[in-house]
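Undergrad: What follows is start16.txt; its format and atoms are compact mmCIF, C-alpha atoms.
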# COMPACT_ATOMS: atom_id res chain seq x y z
CA MET U 15 25.85 28.35 4.61
CA THR U 16 27.83 25.12 4.77
CA PHE U 17 28.81 22.95 1.82
CA PHE U 18 26.23 20.28 2.68
CA GLN U 19 23.45 22.84 3.16
CA LEU U 20 24.20 24.19 -0.28
CA MET U 21 24.11 20.69 -1.76
CA ARG U 22 20.79 19.93 -0.03
CA ARG U 23 19.19 23.13 -1.32
CA ASN U 24 20.37 22.43 -4.85
CA ILE U 25 18.83 18.95 -4.72
CA TRP U 26 15.42 20.20 -3.55
CA ARG U 27 15.22 23.40 -5.61
CA LYS U 28 12.98 21.46 -8.04
CA ARG U 29 11.19 19.12 -5.62
CA LEU U 30 8.99 17.36 -8.15
CA ARG U 31 11.93 16.64 -10.46
CA ALA U 32 14.02 15.29 -7.60
CA ILE U 33 11.20 13.10 -6.32
CA LEU U 34 10.46 11.67 -9.78
CA LEU U 35 14.15 10.94 -10.35
CA MET U 36 14.41 9.19 -6.97
CA PHE U 37 11.26 7.23 -7.79
CA SER U 38 12.77 6.05 -11.09
CA VAL U 39 15.95 4.99 -9.32
CA GLY U 40 13.87 3.16 -6.72
CA ILE U 41 12.01 1.18 -9.39
CA ALA U 42 15.31 0.13 -10.98
CA PHE U 43 16.67 -1.12 -7.65
CA LEU U 44 13.37 -2.82 -6.83
CA ILE U 45 13.79 -4.85 -10.02
CA TYR U 46 17.42 -5.57 -9.16
CA GLY U 47 16.61 -6.53 -5.56
CA LEU U 48 13.95 -9.05 -6.60
CA ALA U 49 16.07 -10.54 -9.38
CA ALA U 50 19.19 -10.82 -7.22
CA SER U 51 17.14 -12.29 -4.36
CA PHE U 52 15.91 -15.01 -6.69
CA VAL U 53 19.42 -15.88 -7.82
CA SER U 54 20.77 -15.98 -4.27
CA GLY U 55 17.75 -17.86 -2.91
CA SER U 56 16.98 -21.55 -2.73
CA GLN U 57 15.78 -21.60 -6.34
CA GLY U 58 19.17 -20.36 -7.51
CA ALA U 59 22.59 -21.89 -7.22
CA ALA U 60 24.35 -19.08 -5.36
CA GLY U 61 23.88 -20.69 -1.98
CA ALA U 62 24.69 -24.21 -3.14
CA ARG U 63 27.83 -26.02 -2.01
CA ASP U 64 30.68 -27.67 -3.87
CA ASN U 65 31.61 -30.00 -1.01
CA LEU U 66 28.36 -32.00 -1.09
CA LEU U 67 27.94 -34.53 -3.90
CA GLY U 68 24.82 -36.05 -5.39
CA VAL U 69 24.92 -39.42 -7.15
CA PHE U 70 22.16 -39.86 -9.77
CA ASN U 71 21.25 -42.26 -12.53
CA LYS U 72 23.31 -41.33 -15.60
CA SER U 73 20.49 -42.03 -18.05
CA SER U 74 17.97 -39.81 -16.28
CA ARG U 75 17.52 -38.31 -12.85
CA GLY U 76 13.99 -39.70 -12.93
CA LEU U 77 15.29 -43.27 -12.99
CA PRO U 78 16.16 -45.01 -9.69
CA LEU U 79 19.40 -46.51 -8.44
CA PRO U 80 19.75 -49.75 -6.44
CA LEU U 81 20.03 -49.23 -2.69
CA ALA U 82 22.85 -51.80 -2.78
CA TYR U 83 25.15 -49.10 -4.21
CA LEU U 84 25.28 -47.61 -0.72
CA ASN U 85 27.87 -50.04 0.66
CA ARG U 86 30.19 -49.68 -2.33
CA ILE U 87 30.16 -45.88 -2.07
CA ALA U 88 30.65 -45.94 1.70
CA ALA U 89 33.64 -48.28 1.31
CA ASP U 90 35.67 -45.51 -0.35
CA GLY U 91 38.11 -44.15 2.20
CA ASP U 92 37.60 -40.56 1.05
CA VAL U 93 33.86 -40.63 1.85
CA ALA U 94 33.10 -39.05 5.22
CA ALA U 95 29.36 -39.81 5.11
CA VAL U 96 26.81 -41.10 2.64
CA ALA U 97 23.02 -41.03 2.74
CA TYR U 98 20.26 -41.82 0.29
CA THR U 99 16.91 -40.34 -0.59
CA ALA U 100 13.79 -41.41 -2.46
CA ARG U 101 11.88 -38.36 -3.63
CA MET U 102 8.09 -38.39 -3.87
CA ARG U 103 6.16 -35.44 -5.25
CA GLY U 104 2.48 -34.89 -4.68
CA PHE U 105 -0.02 -32.40 -3.34
CA VAL U 106 -1.85 -31.50 -0.18
CA GLU U 107 -5.63 -30.85 -0.40
CA VAL U 108 -5.61 -29.41 -3.94
CA GLN U 109 -3.47 -30.34 -6.95
CA LYS U 110 -1.97 -26.86 -7.25
CA ASN U 111 -0.55 -27.18 -3.75
CA VAL U 112 2.51 -29.21 -4.79
CA VAL U 113 4.98 -30.37 -2.14
CA ALA U 114 7.76 -32.95 -2.03
CA VAL U 115 8.65 -35.68 0.46
CA SER U 116 12.19 -37.06 0.75
CA ALA U 117 12.39 -40.54 2.27
CA VAL U 118 15.70 -40.97 4.09
CA ASP U 119 17.52 -42.91 6.75
CA PRO U 120 17.42 -40.45 9.70
CA GLN U 121 20.88 -41.18 11.06
CA ALA U 122 22.52 -41.26 7.64
CA ILE U 123 21.04 -37.95 6.45
CA ALA U 124 22.01 -36.33 9.74
CA ALA U 125 25.63 -37.40 9.21
CA ALA U 126 25.77 -36.35 5.55
CA ASN U 127 23.63 -33.19 5.50
CA GLY U 128 22.57 -32.54 9.08
CA ASP U 129 24.46 -29.28 9.53
CA GLU U 130 22.89 -27.63 6.47
CA LEU U 131 19.36 -28.65 7.52
CA LYS U 132 19.97 -28.20 11.28
CA LEU U 133 18.84 -31.75 12.01
CA THR U 134 19.37 -31.90 15.76
CA PRO U 135 19.44 -35.19 17.71
CA LYS U 136 16.01 -34.26 19.07
CA LEU U 137 14.55 -33.96 15.57
CA ILE U 138 16.15 -37.23 14.45
CA ALA U 139 14.75 -39.02 17.52
CA ALA U 140 11.28 -37.62 16.80
CA LEU U 141 11.46 -38.86 13.19
CA GLU U 142 12.48 -42.35 14.34
CA GLU U 143 9.52 -42.74 16.72
CA ALA U 144 7.19 -44.18 14.06
CA GLY U 145 7.04 -44.86 10.34
CA ASP U 146 4.40 -42.19 9.68
CA ARG U 147 6.42 -39.34 11.18
CA VAL U 148 7.74 -36.46 9.05
CA LEU U 149 10.00 -33.48 9.61
CA VAL U 150 8.74 -30.37 7.80
CA GLY U 151 10.98 -27.56 6.58
CA ARG U 152 10.33 -24.14 8.06
CA ALA U 153 9.44 -22.55 4.70
CA LEU U 154 6.86 -25.25 3.95
CA ALA U 155 5.43 -25.19 7.48
CA GLU U 156 4.92 -21.42 7.37
CA ALA U 157 3.42 -21.53 3.88
CA GLU U 158 0.89 -24.21 4.86
CA GLY U 159 0.31 -23.06 8.44
CA TRP U 160 1.33 -26.45 9.86
CA SER U 161 2.41 -27.14 13.43
CA ILE U 162 4.06 -29.99 15.31
CA GLY U 163 1.70 -32.87 16.08
CA GLN U 164 -0.65 -32.07 13.19
CA ARG U 165 -1.89 -34.92 10.97
CA ILE U 166 -1.69 -34.19 7.25
CA GLY U 167 -2.93 -36.02 4.18
CA PHE U 168 -0.72 -36.25 1.11
CA THR U 169 -1.57 -37.51 -2.38
CA GLY U 170 1.63 -38.65 -4.06
CA GLN U 171 2.61 -39.86 -7.51
CA LEU U 172 3.93 -43.03 -5.85
CA ALA U 173 1.31 -45.78 -5.51
CA ARG U 174 0.98 -47.82 -2.33
CA ALA U 175 0.83 -51.62 -2.32
CA ASP U 176 -2.95 -51.45 -1.85
CA GLY U 177 -3.34 -49.36 -5.02
CA SER U 178 -4.02 -46.09 -3.20
CA ARG U 179 -1.97 -42.96 -3.65
CA ASN U 180 -3.02 -41.42 -0.37
CA TRP U 181 -0.40 -41.11 2.34
CA SER U 182 -0.89 -39.84 5.87
CA PHE U 183 1.80 -38.32 8.08
CA THR U 184 2.16 -36.80 11.53
CA ILE U 185 4.46 -33.80 11.87
CA ALA U 186 7.15 -34.73 14.39
CA GLY U 187 9.25 -31.57 14.09
CA ILE U 188 10.26 -28.59 11.99
CA PHE U 189 13.81 -28.09 10.70
CA GLU U 190 15.17 -24.62 10.03
CA GLY U 191 18.06 -24.74 7.58
CA ALA U 192 21.52 -23.33 8.24
CA ASP U 193 20.77 -19.96 6.63
CA ALA U 194 18.17 -18.11 4.60
CA SER U 195 19.37 -19.57 1.29
CA THR U 196 18.84 -23.19 2.42
CA ASP U 197 15.87 -24.84 0.75
CA THR U 198 13.40 -25.95 3.44
CA TYR U 199 10.29 -26.26 1.27
CA PHE U 200 9.96 -30.05 1.61
CA MET U 201 9.41 -32.86 4.13
CA LEU U 202 11.60 -35.68 5.41
CA THR U 203 10.18 -39.10 6.22
CA ARG U 204 11.60 -42.55 6.93
CA TYR U 205 12.75 -44.56 3.94
CA ASP U 206 12.08 -47.96 5.51
CA ALA U 207 8.40 -47.16 6.05
CA LEU U 208 7.90 -45.75 2.55
CA ASN U 209 9.84 -48.59 0.94
CA ALA U 210 7.71 -51.21 2.69
CA ALA U 211 4.44 -49.54 1.68
CA ARG U 212 5.06 -48.67 -1.96
CA ALA U 213 3.95 -50.91 -4.82
CA ARG U 214 7.02 -50.75 -7.07
CA ASP U 215 10.70 -49.81 -7.22
CA LYS U 216 11.35 -51.36 -3.83
CA ASP U 217 14.91 -51.18 -2.52
CA THR U 218 15.76 -48.34 -4.92
CA VAL U 219 16.55 -44.70 -4.33
CA ASP U 220 16.59 -41.54 -6.43
CA ALA U 221 19.98 -40.31 -5.29
CA PHE U 222 22.84 -40.73 -2.85
CA VAL U 223 24.19 -37.77 -0.90
CA VAL U 224 27.96 -37.97 -0.35
CA ARG U 225 30.12 -35.78 1.87
CA PRO U 226 33.86 -36.04 1.08
CA ARG U 227 36.42 -36.04 3.85
CA PRO U 228 38.16 -32.71 4.54
CA GLY U 229 40.93 -32.05 2.04
CA VAL U 230 39.51 -34.44 -0.57
CA SER U 231 38.77 -32.94 -3.99
CA PRO U 232 35.03 -33.35 -4.70
CA SER U 233 35.63 -33.63 -8.45
CA VAL U 234 38.19 -36.41 -8.01
CA LEU U 235 35.89 -38.32 -5.67
CA ALA U 236 32.96 -37.84 -8.05
CA ALA U 237 34.93 -39.37 -10.94
CA ARG U 238 35.97 -42.31 -8.75
CA ILE U 239 32.38 -43.02 -7.68
CA ASP U 240 31.18 -43.00 -11.30
CA ALA U 241 34.01 -45.37 -12.21
CA LEU U 242 32.71 -47.87 -9.63
CA PHE U 243 29.50 -48.32 -11.59
CA ALA U 244 30.79 -47.75 -15.14
CA ASN U 245 29.92 -51.32 -16.16
CA SER U 246 26.70 -51.60 -14.16
CA ALA U 247 23.18 -51.75 -15.56
CA ALA U 248 22.45 -48.44 -13.80
CA GLN U 249 25.46 -46.18 -14.37
CA THR U 250 25.83 -43.07 -12.25
CA ARG U 251 26.56 -39.38 -12.70
CA THR U 252 27.99 -37.64 -9.67
CA GLN U 253 27.80 -33.86 -9.36
CA SER U 254 28.22 -31.30 -6.64
CA GLU U 255 25.10 -29.63 -5.32
CA LYS U 256 26.07 -26.40 -7.08
CA GLN U 257 26.58 -28.15 -10.42
CA PHE U 258 23.28 -29.96 -10.09
CA LEU U 259 21.27 -26.78 -9.40
CA GLU U 260 22.94 -24.88 -12.21
CA ALA U 261 22.26 -27.69 -14.67
CA PHE U 262 18.67 -28.00 -13.45
CA LEU U 263 17.94 -24.31 -13.94
CA ARG U 264 19.56 -24.28 -17.38
CA GLN U 265 17.00 -26.88 -18.50
CA PHE U 266 14.45 -24.06 -18.42
CA ALA U 267 16.56 -20.98 -19.16
CA ASP U 268 19.85 -19.31 -18.42
CA ILE U 269 18.66 -17.58 -15.28
CA SER U 270 21.81 -15.52 -14.77
CA LEU U 271 21.70 -14.23 -18.34
CA ILE U 272 18.02 -13.29 -18.08
CA VAL U 273 18.59 -11.50 -14.78
CA SER U 274 21.61 -9.66 -16.20
CA LEU U 275 19.67 -8.53 -19.29
CA VAL U 276 16.65 -7.32 -17.32
CA VAL U 277 18.69 -5.53 -14.67
CA GLY U 278 21.09 -4.12 -17.26
CA ALA U 279 18.21 -2.68 -19.29
CA ALA U 280 16.72 -1.09 -16.17
CA PHE U 281 20.03 0.48 -15.11
CA VAL U 282 20.92 1.74 -18.60
CA THR U 283 17.51 3.38 -18.85
CA ILE U 284 17.76 5.06 -15.46
CA LEU U 285 21.34 6.13 -16.22
CA MET U 286 20.24 7.91 -19.40
CA ILE U 287 17.33 9.59 -17.59
CA ALA U 288 19.49 10.69 -14.67
CA VAL U 289 22.34 12.04 -16.83
CA ASN U 290 19.91 14.02 -18.98
CA THR U 291 18.18 15.42 -15.89
CA MET U 292 21.43 16.47 -14.24
CA LEU U 293 22.70 18.09 -17.46
CA PHE U 294 19.52 20.14 -17.60
CA ALA U 295 19.90 21.06 -13.91
CA VAL U 296 23.48 22.26 -14.42
CA ARG U 297 22.42 24.32 -17.45
CA GLU U 298 19.77 26.02 -15.30
CA ARG U 299 22.38 26.90 -12.67
CA ARG U 300 25.15 28.26 -14.90
CA PHE U 301 24.88 31.75 -13.39
CA GLU U 302 25.04 30.34 -9.85
CA ILE U 303 28.06 28.23 -10.74
CA GLY U 304 29.77 31.36 -12.07
CA VAL U 305 29.00 33.19 -8.81
CA LEU U 306 30.50 30.29 -6.80
CA LYS U 307 33.69 30.51 -8.84
CA VAL U 308 33.89 34.25 -8.23
CA LEU U 309 33.45 33.64 -4.49
CA GLY U 310 36.44 31.32 -4.51
CA PHE U 311 34.94 27.86 -4.95
CA SER U 312 37.65 25.67 -6.40
CA SER U 313 37.10 23.21 -9.23
CA PRO U 314 37.33 20.17 -6.87
CA ARG U 315 34.62 21.66 -4.60
CA ILE U 316 32.26 22.30 -7.52
CA LEU U 317 32.99 18.79 -8.79
CA ALA U 318 32.21 17.36 -5.33
CA LEU U 319 29.02 19.45 -5.14
CA ILE U 320 27.56 18.00 -8.37
CA LEU U 321 28.71 14.44 -7.63
CA GLY U 322 27.30 14.68 -4.10
CA GLU U 323 23.88 15.63 -5.48
CA THR U 324 23.67 12.67 -7.83
CA LEU U 325 25.06 10.31 -5.21
CA PHE U 326 22.44 11.48 -2.71
CA ILE U 327 19.63 10.94 -5.25
CA PHE U 328 20.80 7.41 -6.03
CA LEU U 329 21.29 6.47 -2.38
CA VAL U 330 17.86 7.71 -1.31
CA GLY U 331 16.02 6.31 -4.34
CA GLY U 332 17.95 3.04 -4.29
CA ALA U 333 17.36 2.58 -0.56
CA GLY U 334 13.63 2.97 -1.11
CA GLY U 335 13.68 0.36 -3.87
CA LEU U 336 15.65 -2.09 -1.74
CA VAL U 337 13.25 -1.66 1.17
CA LEU U 338 10.35 -2.55 -1.14
CA ALA U 339 12.33 -5.53 -2.49
CA THR U 340 12.96 -6.75 1.06
CA LEU U 341 9.29 -6.46 1.96
CA ALA U 342 8.36 -8.27 -1.26
CA THR U 343 10.62 -11.23 -0.45
CA PHE U 344 8.73 -11.72 2.80
CA SER U 345 5.23 -11.16 1.39
CA ILE U 346 5.54 -13.24 -1.81
CA GLY U 347 6.24 -16.39 0.18
CA PRO U 348 9.15 -18.77 0.81
CA GLU U 349 8.14 -21.23 -1.89
CA PHE U 350 9.61 -18.90 -4.52
CA GLY U 351 13.01 -19.06 -2.82
CA LEU U 352 13.58 -15.28 -2.67
CA VAL U 353 16.35 -14.40 -0.24
CA PHE U 354 17.49 -10.80 0.25
CA GLY U 355 20.82 -11.43 1.96
CA THR U 356 23.88 -9.41 2.86
CA SER U 357 25.57 -10.20 -0.46
CA VAL U 358 22.64 -8.67 -2.37
CA LEU U 359 22.74 -5.60 -0.11
CA ALA U 360 26.50 -5.15 -0.55
CA LYS U 361 26.25 -5.39 -4.35
CA SER U 362 23.31 -2.98 -4.36
CA LEU U 363 25.23 -0.36 -2.38
CA ALA U 364 28.21 -0.71 -4.71
CA ILE U 365 25.97 -0.26 -7.77
CA MET U 366 24.30 2.78 -6.18
CA ALA U 367 27.65 4.43 -5.56
CA GLY U 368 28.94 3.57 -9.03
CA LEU U 369 25.85 4.81 -10.87
CA GLY U 370 25.64 7.93 -8.71
CA LEU U 371 29.21 8.92 -9.47
CA LEU U 372 28.94 7.94 -13.13
CA THR U 373 25.74 9.95 -13.57
CA GLY U 374 27.20 13.10 -12.07
CA LEU U 375 30.58 12.89 -13.78
CA LEU U 376 29.63 14.52 -17.11
CA PRO U 377 27.51 17.34 -15.61
CA ALA U 378 30.21 17.99 -13.01
CA VAL U 379 32.96 18.23 -15.65
CA ILE U 380 30.81 20.64 -17.68
CA ALA U 381 30.25 22.77 -14.59
CA VAL U 382 33.95 22.85 -13.76
CA ARG U 383 34.97 23.83 -17.30
CA LEU U 384 32.31 26.54 -17.60
CA PRO U 385 34.03 29.95 -18.04
CA ILE U 386 32.87 32.63 -15.62
CA VAL U 387 32.16 35.08 -18.46
CA ASN U 388 29.88 32.62 -20.23
CA ALA U 389 28.12 31.87 -16.96
CA PHE U 390 27.32 35.57 -16.36
CA ARG U 391 26.00 35.99 -19.93
CA THR U 392 22.99 33.84 -18.97
CA ARG U 393 21.61 36.82 -16.99
Go ahead and express the file in the form of structure tokens.

TA:
Amino acid sequence: MTFFQLMRRNIWRKRLRAILLMFSVGIAFLIYGLAASFVSGSQGAAGARDNLLGVFNKSSRGLPLPLAYLNRIAADGDVAAVAYTARMRGFVEVQKNVVAVSAVDPQAIAAANGDELKLTPKLIAALEEAGDRVLVGRALAEAEGWSIGQRIGFTGQLARADGSRNWSFTIAGIFEGADASTDTYFMLTRYDALNAARARDKDTVDAFVVRPRPGVSPSVLAARIDALFANSAAQTRTQSEKQFLEAFLRQFADISLIVSLVVGAAFVTILMIAVNTMLFAVRERRFEIGVLKVLGFSSPRILALILGETLFIFLVGGAGGLVLATLATFSIGPEFGLVFGTSVLAKSLAIMAGLGLLTGLLPAVIAVRLPIVNAFRTR
């Protein structure tokens, strides 16, 4: 019998116990997979960038900024590209079906943020065809079942000049996003058309998007932009995309802290269960461990045998939990921003290995230090 055959038989000698332990480990890693996917997804700040700046109204992000600020920002020699956006929230069909529309200048947004949103020249040309055209993000299009050429009705919080709040758009294209963590749950439309049709706040925007030139410190450029408008009626606050998302999420709760507490509680619980189970298993096998020592099994081999068992249990159980977490990220829907990426997988594997070795360490040490005479007294 080989070393690995012996380890496999020891694992499955109590099948129900092994299965229940793997199931518990799987639940813990299911919780971790979902929580980590949320943090790394579009609703978290893990995928946000430091080299893309947002310029907002200092008093409140809900207050507009004059469009005239555009030229003063663009005049800075360290600005590679600058765009602007006017955000309109509303719903499609029913009020619970909330979506957002960003009104932009097509060419400007392509220069400032086109790579992240994969705004190809073909998509930009389609958006410029008419004022009622929109580009829909892939996540939103899949959630709503929309397709190119479809006409959609949108009820927004922004009133039109005729008093109506009903807007109508034709889908000109679908943009993908550079990777899975890119937020694509919104639409892009033309600013000039929206600005001409709305009843108030004409020639204003909600934010400017600024891309610094390579080698320029974003924080230094942000401070210089804010200094431009320090004495203006509408002062600005410039932040990187990462800073903005982190600050936005902290308005509701410290997401990272909550995730750490929940995941930590799950792992501590499973660690206590697993250690207790493995201690009981080693106690059951004291006679067998004594026989192995008599047959010439060295202390390192016995140590490796126990650690291998716990590592196998954590890898199998954890893999099952991660598979369920991956399936859940696809079935829950893209609007929740869950992204199970390679970083989550790498961290999960590291945690599996760490917990597996930590769980088996105490039982393995007890098995190694067990005197042969005491082991034989159990029979």

Undergrad: Could you work out how far CA of Glu143 in chain U lies from CA of Ala124 in chain U, giving the answer in Å with one decimal?

TA: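 Pair CA of Ala124 in chain U / CA of Glu143 in chain U returns 15.7 Å.
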
Undergrad: Write out as a count of residues only the residues lying within 12 Å of Leu384 in chain U, counting only C-alpha atoms and excluding same-chain residues fewer than 3 positions away.

TA: 25

Undergrad: Compare U:Ala211, U:Ala89, U:Ala114, U:Val337 by their minimum atom-to-atom distance to Leu359 in chain U, counting all atoms listed in the file, and give me the closest one.

TA: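 The shortest atom-to-atom distance to Leu359 in chain U comes from U:Val337.
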
Undergrad: Need to verify the contact set: Asp217 in chain U, 10 Å, all atoms listed in the file, exclusion of same-chain residues closer than 5 positions in sequence. Can you return it as a list of chain:residue names?

TA: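 Residues near the query, excluding close chain neighbours: U:Pro78, U:Leu79, U:Pro80, U:Leu81, U:Ala82, U:Ala100, U:Tyr205, U:Asp206, U:Asn209, U:Ala210.
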
Undergrad: Name all residues at most 8 Å from Ala192 in chain U (count all atoms listed in the file; drop same-chain ones fewer than 5 positions away) and give them as a ChimeraX atom specification.

TA: /U:129-132

Undergrad: At a cut-off of 9 Å, using only C-alpha atoms, what residues contact Ser38 in chain U? Leave out same-chain residues fewer than 6 positions from it and give the result as a ChimeraX atom specification.

TA: /U:284,287-288,331

Undergrad: What is the distance between CA of Asp220 in chain U and CA of Glu107 in chain U, in Å to one decimal?

TA: 25.4 Å

Undergrad: Could you check which of U:Leu363, U:Leu84, U:Leu48, U:Ala144 is closest to Thr343 in chain U, using all atoms listed in the file?

TA: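 Smallest distance to Thr343 in chain U is found for U:Leu48.
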
Undergrad: I need the residue nearest Gly104 in chain U from this list: U:Ile25, U:Leu352, U:Leu30, U:Ala173. Use all atoms listed in the file for the distance.

TA: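 Looking at the shortest contact to Gly104 in chain U, the residue is U:Ala173.
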
Undergrad: Could you tell me how far CA of Ser362 in chain U sits from CA of Leu341 in chain U, in Å to one decimal place?

TA: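 Result for CA of Leu341 in chain U versus CA of Ser362 in chain U: 15.8 Å, one decimal.
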
Undergrad: What are the centre and edge lengths in Å, to one decimal, of the axis-aligned box around all listed atoms of range 132-135 of chain U with 8 Å added on each side, as JSON?

TA:
{"center_x": 19.4, "center_y": -31.7, "center_z": 14.5, "size_x": 17.1, "size_y": 23.0, "size_z": 22.4}

Undergrad: Of the residues U:Asn71, U:Thr99, U:Thr198, U:Ser233, which is the one nearest to Ala122 in chain U, using all atoms listed in the file?

TA: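 Smallest separation from Ala122 in chain U among the options: U:Thr99.
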
Undergrad: Between U:Leu20, U:Val39, U:Ala247, U:Met292, single out the one closest to Ser73 in chain U, counting only C-alpha atoms.

TA: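 Distance minimum relative to Ser73 in chain U lands on U:Ala247.
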
Undergrad: Let me make sure I understand: among U:Leu321, U:Phe222, U:Val106, U:Thr340, which one has the smallest atom-to-atom distance to Asn85 in chain U if we use all atoms listed in the file?

TA: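 Residue with the minimum atom-to-atom distance to Asn85 in chain U: U:Phe222.
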
Undergrad: At a cut-off of 8 Å, using all atoms listed in the file, what residues contact Val358 in chain U? Leave out same-chain residues fewer than 2 positions from it and give the result as a PyMOL selection string.

TA: chain U and resi 47+50-51+54+354-356+360-362

Undergrad: In the coordinates of the file, take the point (15.5, -1.8, -10.3) and a cut-off of 12 Å; then, counting only C-alpha atoms, name each qualifying protein, DNA or RNA residue as a count of residues only.

TA: 41

Undergrad: Could you pull out every residue with an atom within 12 Å of (36.8, -36.2, -3.9), file coordinates, counting all atoms listed in the file, and send them as a count of residues only?

TA: 30
